[in-house]
>>> print(open('target.txt').read())   # compact mmCIF, C-alpha atoms and all ligand atoms
# COMPACT_ATOMS: atom_id res chain seq x y z
CA MET F 1 0.00 0.00 0.00
CA GLN F 2 2.84 2.30 0.99
CA ILE F 3 4.52 1.69 -2.39
CA HIS F 4 1.33 2.42 -4.27
CA ILE F 5 0.91 5.76 -2.55
CA GLU F 6 4.53 6.65 -3.34
CA VAL F 7 4.06 5.73 -6.99
CA VAL F 8 0.96 7.89 -7.17
CA ILE F 9 2.82 10.77 -5.54
CA ILE F 10 5.71 10.45 -8.00
CA ILE F 11 3.34 10.36 -10.97
CA LEU F 12 1.39 13.38 -9.72
CA HIS F 13 4.59 15.22 -8.94
CA SER F 14 6.10 14.60 -12.37
CA TYR F 15 2.83 15.58 -14.05
CA GLY F 16 2.72 18.87 -12.14
CA GLY F 17 6.44 19.35 -12.77
CA ASN F 18 6.02 18.84 -16.51
CA LYS F 19 3.20 21.35 -16.66
CA MET F 20 5.36 23.90 -14.87
CA ASN F 21 8.28 23.14 -17.14
CA TYR F 22 6.24 23.73 -20.29
CA ILE F 23 5.48 27.27 -19.19
CA GLU F 24 9.06 27.97 -18.17
CA GLU F 25 10.50 26.29 -21.24
CA ILE F 26 8.14 28.11 -23.58
CA ARG F 27 9.17 31.42 -22.03
CA ARG F 28 12.85 30.52 -22.33
CA LEU F 29 12.54 29.41 -25.97
CA LYS F 30 10.58 32.53 -26.83
CA LYS F 31 13.42 34.75 -25.64
CA GLU F 32 16.12 32.60 -27.20
CA LYS F 33 14.41 32.57 -30.60
CA ASN F 34 12.93 36.08 -30.60
CA ALA F 35 9.46 34.54 -30.92
CA VAL F 36 5.99 35.74 -29.93
CA ILE F 37 2.90 33.67 -29.20
CA PHE F 38 -0.51 34.59 -30.54
CA ALA F 39 -3.74 33.00 -29.32
CA HIS F 40 -7.24 33.37 -30.69
CA TYR F 41 -10.08 33.94 -28.22
CA TYR F 42 -11.38 30.43 -28.90
CA GLN F 43 -8.18 28.76 -27.69
CA ARG F 44 -7.92 26.87 -24.39
CA PRO F 45 -7.76 29.27 -21.40
CA GLU F 46 -4.19 28.26 -20.45
CA ILE F 47 -2.99 29.02 -23.99
CA GLN F 48 -4.76 32.39 -23.98
CA ASP F 49 -3.10 33.21 -20.65
CA LEU F 50 0.40 32.29 -21.79
CA ALA F 51 0.19 34.09 -25.13
CA ASP F 52 1.81 37.47 -25.71
CA TYR F 53 -1.22 38.58 -27.70
CA THR F 54 -4.78 37.25 -27.48
CA GLY F 55 -7.50 38.47 -29.78
CA ASP F 56 -9.54 37.99 -32.92
CA SER F 57 -7.95 37.19 -36.26
CA LEU F 58 -7.93 40.79 -37.47
CA TYR F 59 -6.21 42.11 -34.36
CA LEU F 60 -3.65 39.31 -34.42
CA SER F 61 -2.92 39.79 -38.13
CA LYS F 62 -2.27 43.48 -37.56
CA ILE F 63 0.10 42.71 -34.69
CA ALA F 64 1.85 40.17 -36.94
CA ARG F 65 2.39 42.90 -39.51
CA ASP F 66 3.75 45.47 -37.05
CA ILE F 67 5.66 43.50 -34.42
CA ASP F 68 9.42 43.12 -34.29
CA ALA F 69 9.92 39.35 -33.98
CA GLU F 70 11.50 36.60 -36.03
CA ILE F 71 8.97 33.89 -35.26
CA ILE F 72 5.23 34.01 -34.65
CA VAL F 73 3.64 30.91 -33.14
CA PHE F 74 -0.04 31.18 -34.04
CA CYS F 75 -2.37 29.22 -31.75
CA GLY F 76 -5.50 29.24 -33.82
CA VAL F 77 -6.73 27.61 -37.00
CA HIS F 78 -4.95 27.37 -40.33
CA PHE F 79 -6.49 30.31 -42.20
CA MET F 80 -5.53 32.64 -39.33
CA ALA F 81 -1.88 31.60 -39.44
CA GLU F 82 -1.99 32.07 -43.23
CA SER F 83 -3.36 35.61 -42.81
CA ALA F 84 -0.52 36.40 -40.42
CA LYS F 85 1.97 35.11 -43.01
CA LEU F 86 0.35 37.20 -45.75
CA LEU F 87 0.74 40.34 -43.68
CA ALA F 88 4.18 39.46 -42.30
CA PRO F 89 5.88 37.70 -45.22
CA LYS F 90 9.41 38.10 -43.84
CA LYS F 91 8.57 36.51 -40.48
CA ARG F 92 8.39 32.79 -39.88
CA VAL F 93 4.84 31.84 -38.90
CA LEU F 94 4.36 28.52 -37.11
CA ILE F 95 1.12 26.70 -36.34
CA PRO F 96 1.44 24.17 -33.49
CA ARG F 97 -1.22 21.86 -34.90
CA GLU F 98 -1.12 21.65 -38.66
CA ASP F 99 -4.39 19.75 -38.60
CA ALA F 100 -6.23 22.61 -36.86
CA GLY F 101 -8.28 23.67 -39.85
CA CYS F 102 -11.57 25.52 -40.06
CA PRO F 103 -14.27 23.30 -41.57
CA MET F 104 -16.14 26.39 -42.72
CA ALA F 105 -13.10 27.73 -44.59
CA ASP F 106 -12.77 24.33 -46.26
CA MET F 107 -16.33 24.59 -47.59
CA ALA F 108 -15.09 26.95 -50.32
CA THR F 109 -12.32 25.68 -52.58
CA ALA F 110 -10.34 27.60 -55.20
CA THR F 111 -11.61 25.25 -57.93
CA GLN F 112 -15.25 25.91 -57.03
CA LEU F 113 -14.69 29.64 -56.86
CA LYS F 114 -12.91 29.72 -60.24
CA ARG F 115 -15.95 28.00 -61.75
CA TYR F 116 -18.32 30.51 -60.13
CA LYS F 117 -16.25 33.41 -61.45
CA GLU F 118 -16.33 32.03 -64.99
CA ASP F 119 -20.14 31.94 -64.80
CA HIS F 120 -20.43 35.38 -63.10
CA PRO F 121 -17.72 37.61 -64.56
CA ASP F 122 -19.38 40.84 -63.32
CA THR F 123 -19.75 39.79 -59.72
CA LYS F 124 -17.44 41.15 -57.02
CA ILE F 125 -16.23 38.47 -54.66
CA VAL F 126 -16.31 39.29 -50.96
CA ALA F 127 -14.46 36.80 -48.78
CA TYR F 128 -14.96 36.30 -45.09
CA VAL F 129 -11.51 36.07 -43.54
CA ASN F 130 -12.36 32.42 -42.77
CA THR F 131 -11.10 31.27 -46.17
CA THR F 132 -7.88 29.63 -47.31
CA ALA F 133 -5.20 31.87 -48.82
CA ALA F 134 -5.78 30.12 -52.18
CA VAL F 135 -9.43 31.26 -52.10
CA LYS F 136 -8.58 34.76 -50.85
CA ALA F 137 -6.28 35.09 -53.87
CA LEU F 138 -9.35 34.89 -56.13
CA THR F 139 -11.40 37.52 -54.30
CA ASP F 140 -11.82 41.29 -54.49
CA VAL F 141 -11.96 42.11 -50.80
CA CYS F 142 -11.85 40.39 -47.42
CA VAL F 143 -13.97 41.13 -44.37
CA THR F 144 -13.91 39.89 -40.79
CA SER F 145 -16.83 39.61 -38.41
CA SER F 146 -15.69 42.82 -36.75
CA ASN F 147 -15.65 44.94 -39.92
CA ALA F 148 -17.99 43.20 -42.42
CA GLU F 149 -20.69 45.86 -42.05
CA GLN F 150 -18.28 48.73 -42.65
CA VAL F 151 -16.57 47.14 -45.65
CA ILE F 152 -19.74 45.89 -47.36
CA GLN F 153 -21.24 49.37 -47.46
CA GLU F 154 -18.62 50.26 -50.07
CA TYR F 155 -20.20 47.72 -52.40
CA ILE F 156 -23.90 48.61 -52.14
CA GLY F 157 -25.46 48.55 -55.62
CA GLU F 158 -22.94 46.06 -57.04
CA LYS F 159 -23.44 42.39 -57.87
CA LEU F 160 -21.80 40.44 -55.08
CA LEU F 161 -20.94 36.97 -53.90
CA TYR F 162 -20.29 36.46 -50.21
CA LEU F 163 -18.42 33.35 -49.11
CA PRO F 164 -18.30 31.03 -47.31
CA ASP F 165 -20.64 31.82 -44.36
CA LYS F 166 -24.28 31.92 -45.45
CA ASN F 167 -25.39 33.17 -42.01
CA LEU F 168 -23.17 36.23 -41.84
CA GLY F 169 -23.87 36.76 -45.55
CA ALA F 170 -27.66 36.63 -44.99
CA TYR F 171 -27.34 39.11 -42.13
CA LEU F 172 -25.47 41.60 -44.35
CA LYS F 173 -27.75 41.02 -47.33
CA ASP F 174 -30.86 41.60 -45.25
CA LYS F 175 -29.54 44.63 -43.36
CA TYR F 176 -28.14 46.48 -46.39
CA ASN F 177 -30.56 45.19 -49.02
CA LEU F 178 -27.75 43.82 -51.18
CA GLU F 179 -27.80 42.06 -54.53
CA MET F 180 -25.70 39.23 -53.19
CA ASP F 181 -25.29 35.51 -53.83
CA LEU F 182 -24.56 33.46 -50.74
CA TRP F 183 -22.21 30.51 -50.68
CA ASP F 184 -23.66 27.46 -48.97
CA GLY F 185 -21.12 27.38 -46.14
CA PHE F 186 -21.54 27.58 -42.38
CA CYS F 187 -19.70 27.09 -39.13
CA TYR F 188 -20.69 23.75 -37.60
CA VAL F 189 -20.08 25.20 -34.14
CA HIS F 190 -22.35 28.26 -34.47
CA ASN F 191 -24.90 26.81 -36.87
CA ARG F 192 -25.91 23.90 -34.60
CA PHE F 193 -28.31 25.80 -32.37
CA SER F 194 -31.92 26.49 -33.17
CA LEU F 195 -34.13 29.44 -32.33
CA ASP F 196 -35.92 27.19 -29.82
CA ASP F 197 -32.66 26.39 -27.99
CA VAL F 198 -31.98 30.08 -27.57
CA GLU F 199 -35.55 31.08 -26.69
CA ASN F 200 -35.74 28.39 -23.99
CA LEU F 201 -32.59 29.76 -22.44
CA ARG F 202 -33.88 33.29 -22.67
CA ASN F 203 -37.10 32.31 -20.91
CA ALA F 204 -35.05 30.68 -18.16
CA HIS F 205 -32.96 33.88 -17.74
CA PRO F 206 -35.25 36.81 -18.54
CA ASP F 207 -32.81 39.23 -16.87
CA ALA F 208 -29.92 38.30 -19.21
CA GLU F 209 -29.03 40.07 -22.44
CA LEU F 210 -28.59 37.87 -25.51
CA LEU F 211 -25.26 38.37 -27.33
CA VAL F 212 -24.82 36.67 -30.66
CA HIS F 213 -22.04 36.13 -33.18
CA PRO F 214 -23.26 36.64 -36.76
CA GLU F 215 -22.20 33.08 -37.67
CA MET F 216 -25.31 31.89 -35.80
CA LYS F 217 -28.56 31.31 -37.67
CA ILE F 218 -30.16 34.51 -38.98
CA GLU F 219 -33.39 33.99 -36.99
CA ILE F 220 -31.30 33.96 -33.79
CA VAL F 221 -29.26 36.96 -34.88
CA LYS F 222 -32.51 38.88 -35.41
CA ILE F 223 -33.68 38.49 -31.79
CA ALA F 224 -30.30 39.31 -30.20
CA ASP F 225 -29.74 42.33 -27.96
CA PHE F 226 -26.31 42.72 -29.53
CA VAL F 227 -24.62 41.18 -32.59
CA GLY F 228 -20.86 41.25 -32.94
CA SER F 229 -17.51 39.59 -33.46
CA THR F 230 -15.69 38.06 -30.49
CA LYS F 231 -13.92 41.38 -29.92
CA GLY F 232 -17.21 43.26 -30.33
CA LEU F 233 -18.96 41.03 -27.78
CA LEU F 234 -16.10 41.38 -25.31
CA GLU F 235 -16.14 45.18 -25.57
CA TYR F 236 -19.92 45.19 -25.26
CA VAL F 237 -20.00 43.29 -21.93
CA GLN F 238 -17.33 45.59 -20.52
CA ALA F 239 -19.34 48.71 -21.35
CA ALA F 240 -22.87 47.39 -20.66
CA LYS F 241 -24.93 48.22 -17.59
CA ALA F 242 -26.41 44.70 -17.61
CA LYS F 243 -24.91 42.12 -15.24
CA LYS F 244 -25.95 38.91 -16.94
CA PHE F 245 -25.42 37.71 -20.51
CA ILE F 246 -26.25 34.70 -22.63
CA VAL F 247 -23.17 34.30 -24.85
CA GLY F 248 -23.91 33.12 -28.39
CA THR F 249 -20.45 32.19 -29.54
CA GLU F 250 -17.66 29.71 -28.85
CA VAL F 251 -17.09 29.31 -25.09
CA GLY F 252 -13.41 30.36 -25.27
CA ILE F 253 -14.41 34.03 -25.26
CA ILE F 254 -16.09 33.60 -21.86
CA HIS F 255 -12.61 33.18 -20.33
CA GLN F 256 -11.77 36.75 -21.39
CA MET F 257 -15.21 38.06 -20.40
CA LYS F 258 -14.83 36.68 -16.86
CA LYS F 259 -11.34 38.15 -16.58
CA ALA F 260 -12.54 41.56 -17.75
CA CYS F 261 -15.79 41.54 -15.73
CA PRO F 262 -15.47 39.30 -12.65
CA ASP F 263 -18.68 40.74 -11.18
CA LYS F 264 -20.84 39.78 -14.21
CA GLU F 265 -22.45 36.47 -15.08
CA PHE F 266 -22.02 34.68 -18.42
CA ILE F 267 -24.27 31.85 -19.54
CA GLU F 268 -23.19 29.45 -22.28
CA ILE F 269 -25.83 28.55 -24.83
CA ASN F 270 -24.62 25.00 -24.41
CA GLU F 271 -21.53 23.52 -22.78
CA ASP F 272 -20.73 21.86 -26.12
CA PHE F 273 -20.48 25.21 -27.86
CA TYR F 274 -16.81 24.72 -28.59
CA CYS F 275 -14.70 24.38 -31.70
CA ARG F 276 -12.80 21.09 -31.70
CA ASN F 277 -10.17 22.47 -34.04
CA MET F 278 -9.49 25.51 -31.89
CA LYS F 279 -9.11 23.30 -28.83
CA LYS F 280 -6.58 20.94 -30.45
CA THR F 281 -3.58 23.03 -29.39
CA THR F 282 -2.28 22.11 -25.93
CA MET F 283 0.68 23.45 -24.00
CA GLU F 284 2.71 20.44 -25.15
CA HIS F 285 1.97 21.19 -28.83
CA LEU F 286 2.88 24.82 -28.33
CA TYR F 287 6.16 23.83 -26.66
CA ASN F 288 7.06 21.35 -29.42
CA SER F 289 6.19 23.86 -32.11
CA LEU F 290 8.54 26.42 -30.65
CA LEU F 291 11.28 23.88 -29.93
CA ASN F 292 11.26 22.25 -33.37
CA GLU F 293 10.13 25.37 -35.27
CA GLU F 294 7.24 23.62 -36.93
CA THR F 295 4.87 23.60 -38.71
CA GLU F 296 5.89 26.58 -40.79
CA ILE F 297 3.35 28.29 -43.04
CA ASN F 298 4.67 28.68 -46.58
CA LEU F 299 2.57 29.88 -49.48
CA PRO F 300 3.26 30.04 -53.23
CA GLU F 301 4.33 33.49 -54.42
CA ASP F 302 1.27 34.12 -56.65
CA ILE F 303 -1.09 33.26 -53.79
CA MET F 304 0.88 35.51 -51.42
CA VAL F 305 0.57 38.46 -53.81
CA ASN F 306 -3.10 38.03 -54.74
CA ALA F 307 -4.43 37.07 -51.31
CA LYS F 308 -2.60 40.01 -49.76
CA ARG F 309 -4.17 42.31 -52.36
CA SER F 310 -7.63 41.29 -51.11
CA LEU F 311 -6.66 41.81 -47.45
CA ASP F 312 -5.04 45.16 -48.30
CA LYS F 313 -8.26 46.28 -49.99
CA MET F 314 -10.05 45.67 -46.69
CA PHE F 315 -7.46 47.72 -44.79
CA GLU F 316 -7.67 50.50 -47.38
CA ILE F 317 -11.45 50.78 -46.85
CA LEU F 318 -11.11 50.65 -43.05
CA GLU F 319 -8.39 53.27 -42.94
CA ARG F 320 -10.13 55.74 -45.23
O1 LIG F 401 -12.14 36.65 -37.07
C1 LIG F 401 -12.15 35.98 -36.05
O2 LIG F 401 -11.30 36.04 -35.19
C2 LIG F 401 -13.25 35.01 -35.86
C3 LIG F 401 -13.25 33.83 -36.69
C4 LIG F 401 -14.20 35.21 -34.99
C5 LIG F 401 -14.49 36.52 -34.41
O3 LIG F 401 -15.64 36.92 -34.43
O4 LIG F 401 -13.61 37.20 -33.93
FE1 LIG F 402 -14.14 27.65 -38.09
FE2 LIG F 402 -16.36 27.75 -36.63
FE3 LIG F 402 -14.12 26.82 -35.52
FE4 LIG F 402 -14.38 29.44 -36.10
S1 LIG F 402 -15.57 28.26 -34.59
S2 LIG F 402 -12.61 28.14 -36.52
S3 LIG F 402 -15.60 29.35 -37.99
S4 LIG F 402 -15.24 25.92 -37.27
>>> encode(input="target.txt", output="structure tokens")
Amino acid sequence: MQIHIEVVIIILHSYGGNKMNYIEEIRRLKKEKNAVIFAHYYQRPEIQDLADYTGDSLYLSKIARDIDAEIIVFCGVHFMAESAKLLAPKKRVLIPREDAGCPMADMATATQLKRYKEDHPDTKIVAYVNTTAAVKALTDVCVTSSNAEQVIQEYIGEKLLYLPDKNLGAYLKDKYNLEMDLWDGFCYVHNRFSLDDVENLRNAHPDAELLVHPEMKIEIVKIADFVGSTKGLLEYVQAAKAKKFIVGTEVGIIHQMKKACPDKEFIEINEDFYCRNMKKTTMEHLYNSLLNEETEINLPEDIMVNAKRSLDKMFEILER
């Protein structure tokens, strides 16, 4: 019995020790290699806390562009690391889990989009940032959930295609009365919930405000008290008088909401409201990525040039 207890203690000790070492080792490697760590708001809480910068994809891409570092380790999904590479071509961008893709981004391929463009030569192509670099390279302008409304207003009156998210597209089309085709894509994480799911929760918490990401179904977006990107929702709860919120997006953002507003209450729509791909990256993966300098994002030159052109168009409109 005595031996068993000792074995358990040794195992627990080495587990705790390893966890501690990852943090220390990551910090040491970061300094040694002049590297910075980025984490999206949907990452695991411990990754968000260790990162040098935590935010949405637009914020992180802008930091990538401006920061003085040799290596960026991007804890997020593939298209986000690609965007960082597009905006910081001279820096090495690493993604700890190469298989952390975005199923919604993968719903639009370059081959499909080329075919659409052949059939619709007069249509302007508006790409949600959740697209691969190869798809971005075929588009006229990019938008993110935090700036889609501002950017799209530049295109009122034109023939448009919005891809890949049909929910965010439908929201824009409806609000600005656009002549816009919608790609048949969606986020499996946000699109899963029905109006009934949300209304039941609202009835159970009549004193809570309903906050919704525009990737949710349009009928849910329409009844929300506030619609916004992760960053938009975070800023909203900080400024709001209300004390209780139903949070209609991936649960990772609630970590930041609780940190920013410890006196407020945040209710998940469902405890399964999480993105499997975003949660793939663990401390161990982050450590290995930094140690072995993998997996590096590399893109063909023509894709770099053309995808960046579409992102730059977005920045040009925003900075006007
Ligand atoms: O652009 C991003 O970071 C995504 C995918 C979500 C959001 O609303 O911030
Ligand atoms: Fe893609 Fe949805 Fe996951 Fe965001 S939450 S990375 S849109 S699958």
>>> residues_near_ligand(input="target.txt", ligand="ligand LIG 402 (chain F)", cutoff="8 Å", atoms="all atoms listed in the file", output="PyMOL selection string")
chain F and resi 42+76-77+101-105+130+186-190+215+250+274-278
>>> residues_near_ligand(input="target.txt", ligand="ligand LIG 401 (chain F)", cutoff="8 Å", atoms="only C-alpha atoms and all ligand atoms", output="ChimeraX atom specification")
/F:40-41,55-59,80,129-130,144-146,213-214,228-232
>>> closest_residue(input="target.txt", among="F:Leu163, F:Ile218, F:Leu87, F:Leu182", to="Leu311 of chain F", atoms="all atoms listed in the file")
F:Leu87
>>> atom_distance(input="target.txt", atom1="atom CA of Ala51 of chain F", atom2="atom CA of His78 of chain F")
17.4 Å
>>> closest_residue(input="target.txt", among="F:Lys62, F:Lys166, F:His205, F:Lys258", to="Ala84 of chain F", atoms="all atoms listed in the file")
F:Lys62
>>> residues_around(input="target.txt", residues="Ala64 of chain F", least_positions_apart="5", cutoff="10 Å", atoms="all atoms listed in the file", output="MDAnalysis selection string")
chainID F and resid 36 38 53 58:59 69 71:72 74 81 83:89 91 93
>>> residues_around(input="target.txt", residues="Lys114 of chain F", least_positions_apart="2", cutoff="12 Å", atoms="all atoms listed in the file", output="compact mmCIF listing (two decimals) with C-alpha atoms, in the coordinates of the input")
# COMPACT_ATOMS: atom_id res chain seq x y z
CA ALA F 108 -15.09 26.95 -50.32
CA THR F 109 -12.32 25.68 -52.58
CA ALA F 110 -10.34 27.60 -55.20
CA THR F 111 -11.61 25.25 -57.93
CA GLN F 112 -15.25 25.91 -57.03
CA TYR F 116 -18.32 30.51 -60.13
CA LYS F 117 -16.25 33.41 -61.45
CA GLU F 118 -16.33 32.03 -64.99
CA ASP F 119 -20.14 31.94 -64.80
CA HIS F 120 -20.43 35.38 -63.10
CA PRO F 121 -17.72 37.61 -64.56
CA ILE F 125 -16.23 38.47 -54.66
CA ALA F 134 -5.78 30.12 -52.18
CA VAL F 135 -9.43 31.26 -52.10
CA LYS F 136 -8.58 34.76 -50.85
CA ALA F 137 -6.28 35.09 -53.87
CA LEU F 138 -9.35 34.89 -56.13
CA THR F 139 -11.40 37.52 -54.30
>>> residues_around(input="target.txt", residues="Val126 of chain F", least_positions_apart="4", cutoff="6 Å", atoms="only C-alpha atoms", output="ChimeraX atom specification")
/F:141-142,161-162
>>> write_last_selection(input="target.txt", atoms="C-alpha atoms", output="mmCIF file, in the frame of the given file")
data_model
loop_
_atom_site.group_PDB
_atom_site.id
_atom_site.type_symbol
_atom_site.label_atom_id
_atom_site.label_comp_id
_atom_site.auth_asym_id
_atom_site.auth_seq_id
_atom_site.Cartn_x
_atom_site.Cartn_y
_atom_site.Cartn_z
ATOM 1 C CA VAL F 141 -11.960 42.110 -50.800
ATOM 2 C CA CYS F 142 -11.850 40.390 -47.420
ATOM 3 C CA LEU F 161 -20.940 36.970 -53.900
ATOM 4 C CA TYR F 162 -20.290 36.460 -50.210
#
>>> atom_distance(input="target.txt", atom1="atom CA of Gly169 of chain F", atom2="atom CA of Gly157 of chain F")
15.6 Å
>>> atom_distance(input="target.txt", atom1="atom CA of Ala224 of chain F", atom2="atom CA of Tyr171 of chain F")
12.3 Å
>>> residues_around(input="target.txt", residues="segment 195-199 of chain F", least_positions_apart="5", cutoff="7 Å", atoms="all atoms listed in the file", output="list in words")
Glu219, Ile220 and Ile269 of chain F
>>> closest_residue(input="target.txt", among="F:Asn298, F:Asn288, F:Gln238, F:Ser61", to="Ile23 of chain F", atoms="only C-alpha atoms")
F:Asn288
>>> closest_residue(input="target.txt", among="F:Lys241, F:Lys175, F:Lys30, F:Lys222", to="Ser289 of chain F", atoms="only C-alpha atoms")
F:Lys30
>>> residues_around(input="target.txt", residues="Lys264 of chain F", least_positions_apart="6", cutoff="9 Å", atoms="all atoms listed in the file", output="VMD selection string")
chain F and resid 237 242 to 245 257 to 258
>>> write_last_selection(input="target.txt", atoms="C-alpha atoms", output="mmCIF file, in the coordinates of the input")
data_model
loop_
_atom_site.group_PDB
_atom_site.id
_atom_site.type_symbol
_atom_site.label_atom_id
_atom_site.label_comp_id
_atom_site.auth_asym_id
_atom_site.auth_seq_id
_atom_site.Cartn_x
_atom_site.Cartn_y
_atom_site.Cartn_z
ATOM 1 C CA VAL F 237 -20.000 43.290 -21.930
ATOM 2 C CA ALA F 242 -26.410 44.700 -17.610
ATOM 3 C CA LYS F 243 -24.910 42.120 -15.240
ATOM 4 C CA LYS F 244 -25.950 38.910 -16.940
ATOM 5 C CA PHE F 245 -25.420 37.710 -20.510
ATOM 6 C CA MET F 257 -15.210 38.060 -20.400
ATOM 7 C CA LYS F 258 -14.830 36.680 -16.860
#
>>> axis_aligned_box(input="target.txt", around="segment 282-287 of chain F", padding_each_side="5 Å", output="JSON")
{"center_x": 1.9, "center_y": 22.6, "center_z": -26.4, "size_x": 18.4, "size_y": 14.4, "size_z": 14.8}
>>> closest_residue(input="target.txt", among="F:Arg92, F:Pro45, F:Ala208, F:Ile317", to="Lys33 of chain F", atoms="only C-alpha atoms")
F:Arg92
>>> closest_residue(input="target.txt", among="F:Ala133, F:Leu94, F:Asp122, F:Arg27", to="Met304 of chain F", atoms="only C-alpha atoms")
F:Ala133
>>> residues_near_point(input="target.txt", point="(-28.9, 46.5, -52.9)", cutoff="8 Å", atoms="only C-alpha atoms", output="list in words")
Ile156, Gly157, Glu158, Lys173, Tyr176, Asn177, Leu178, Glu179 and Met180 of chain F
>>> decode(input="target.txt", residues="segment 144-165 of chain F", atoms="C-alpha atoms", output="PDB file, in the first residue's frame")
ATOM      1  CA  THR F 144     -13.910  39.890 -40.792  1.00  0.00           C
ATOM      2  CA  SER F 145     -16.834  39.606 -38.411  1.00  0.00           C
ATOM      3  CA  SER F 146     -15.685  42.815 -36.746  1.00  0.00           C
ATOM      4  CA  ASN F 147     -15.648  44.939 -39.922  1.00  0.00           C
ATOM      5  CA  ALA F 148     -17.989  43.202 -42.422  1.00  0.00           C
ATOM      6  CA  GLU F 149     -20.689  45.862 -42.049  1.00  0.00           C
ATOM      7  CA  GLN F 150     -18.281  48.734 -42.647  1.00  0.00           C
ATOM      8  CA  VAL F 151     -16.575  47.137 -45.654  1.00  0.00           C
ATOM      9  CA  ILE F 152     -19.735  45.887 -47.356  1.00  0.00           C
ATOM     10  CA  GLN F 153     -21.245  49.371 -47.464  1.00  0.00           C
ATOM     11  CA  GLU F 154     -18.616  50.263 -50.069  1.00  0.00           C
ATOM     12  CA  TYR F 155     -20.204  47.718 -52.398  1.00  0.00           C
ATOM     13  CA  ILE F 156     -23.897  48.607 -52.142  1.00  0.00           C
ATOM     14  CA  GLY F 157     -25.464  48.548 -55.623  1.00  0.00           C
ATOM     15  CA  GLU F 158     -22.935  46.064 -57.042  1.00  0.00           C
ATOM     16  CA  LYS F 159     -23.438  42.394 -57.868  1.00  0.00           C
ATOM     17  CA  LEU F 160     -21.802  40.439 -55.080  1.00  0.00           C
ATOM     18  CA  LEU F 161     -20.936  36.970 -53.899  1.00  0.00           C
ATOM     19  CA  TYR F 162     -20.289  36.458 -50.209  1.00  0.00           C
ATOM     20  CA  LEU F 163     -18.423  33.353 -49.112  1.00  0.00           C
ATOM     21  CA  PRO F 164     -18.299  31.027 -47.306  1.00  0.00           C
ATOM     22  CA  ASP F 165     -20.643  31.816 -44.358  1.00  0.00           C
TER      23      ASP F 165
END
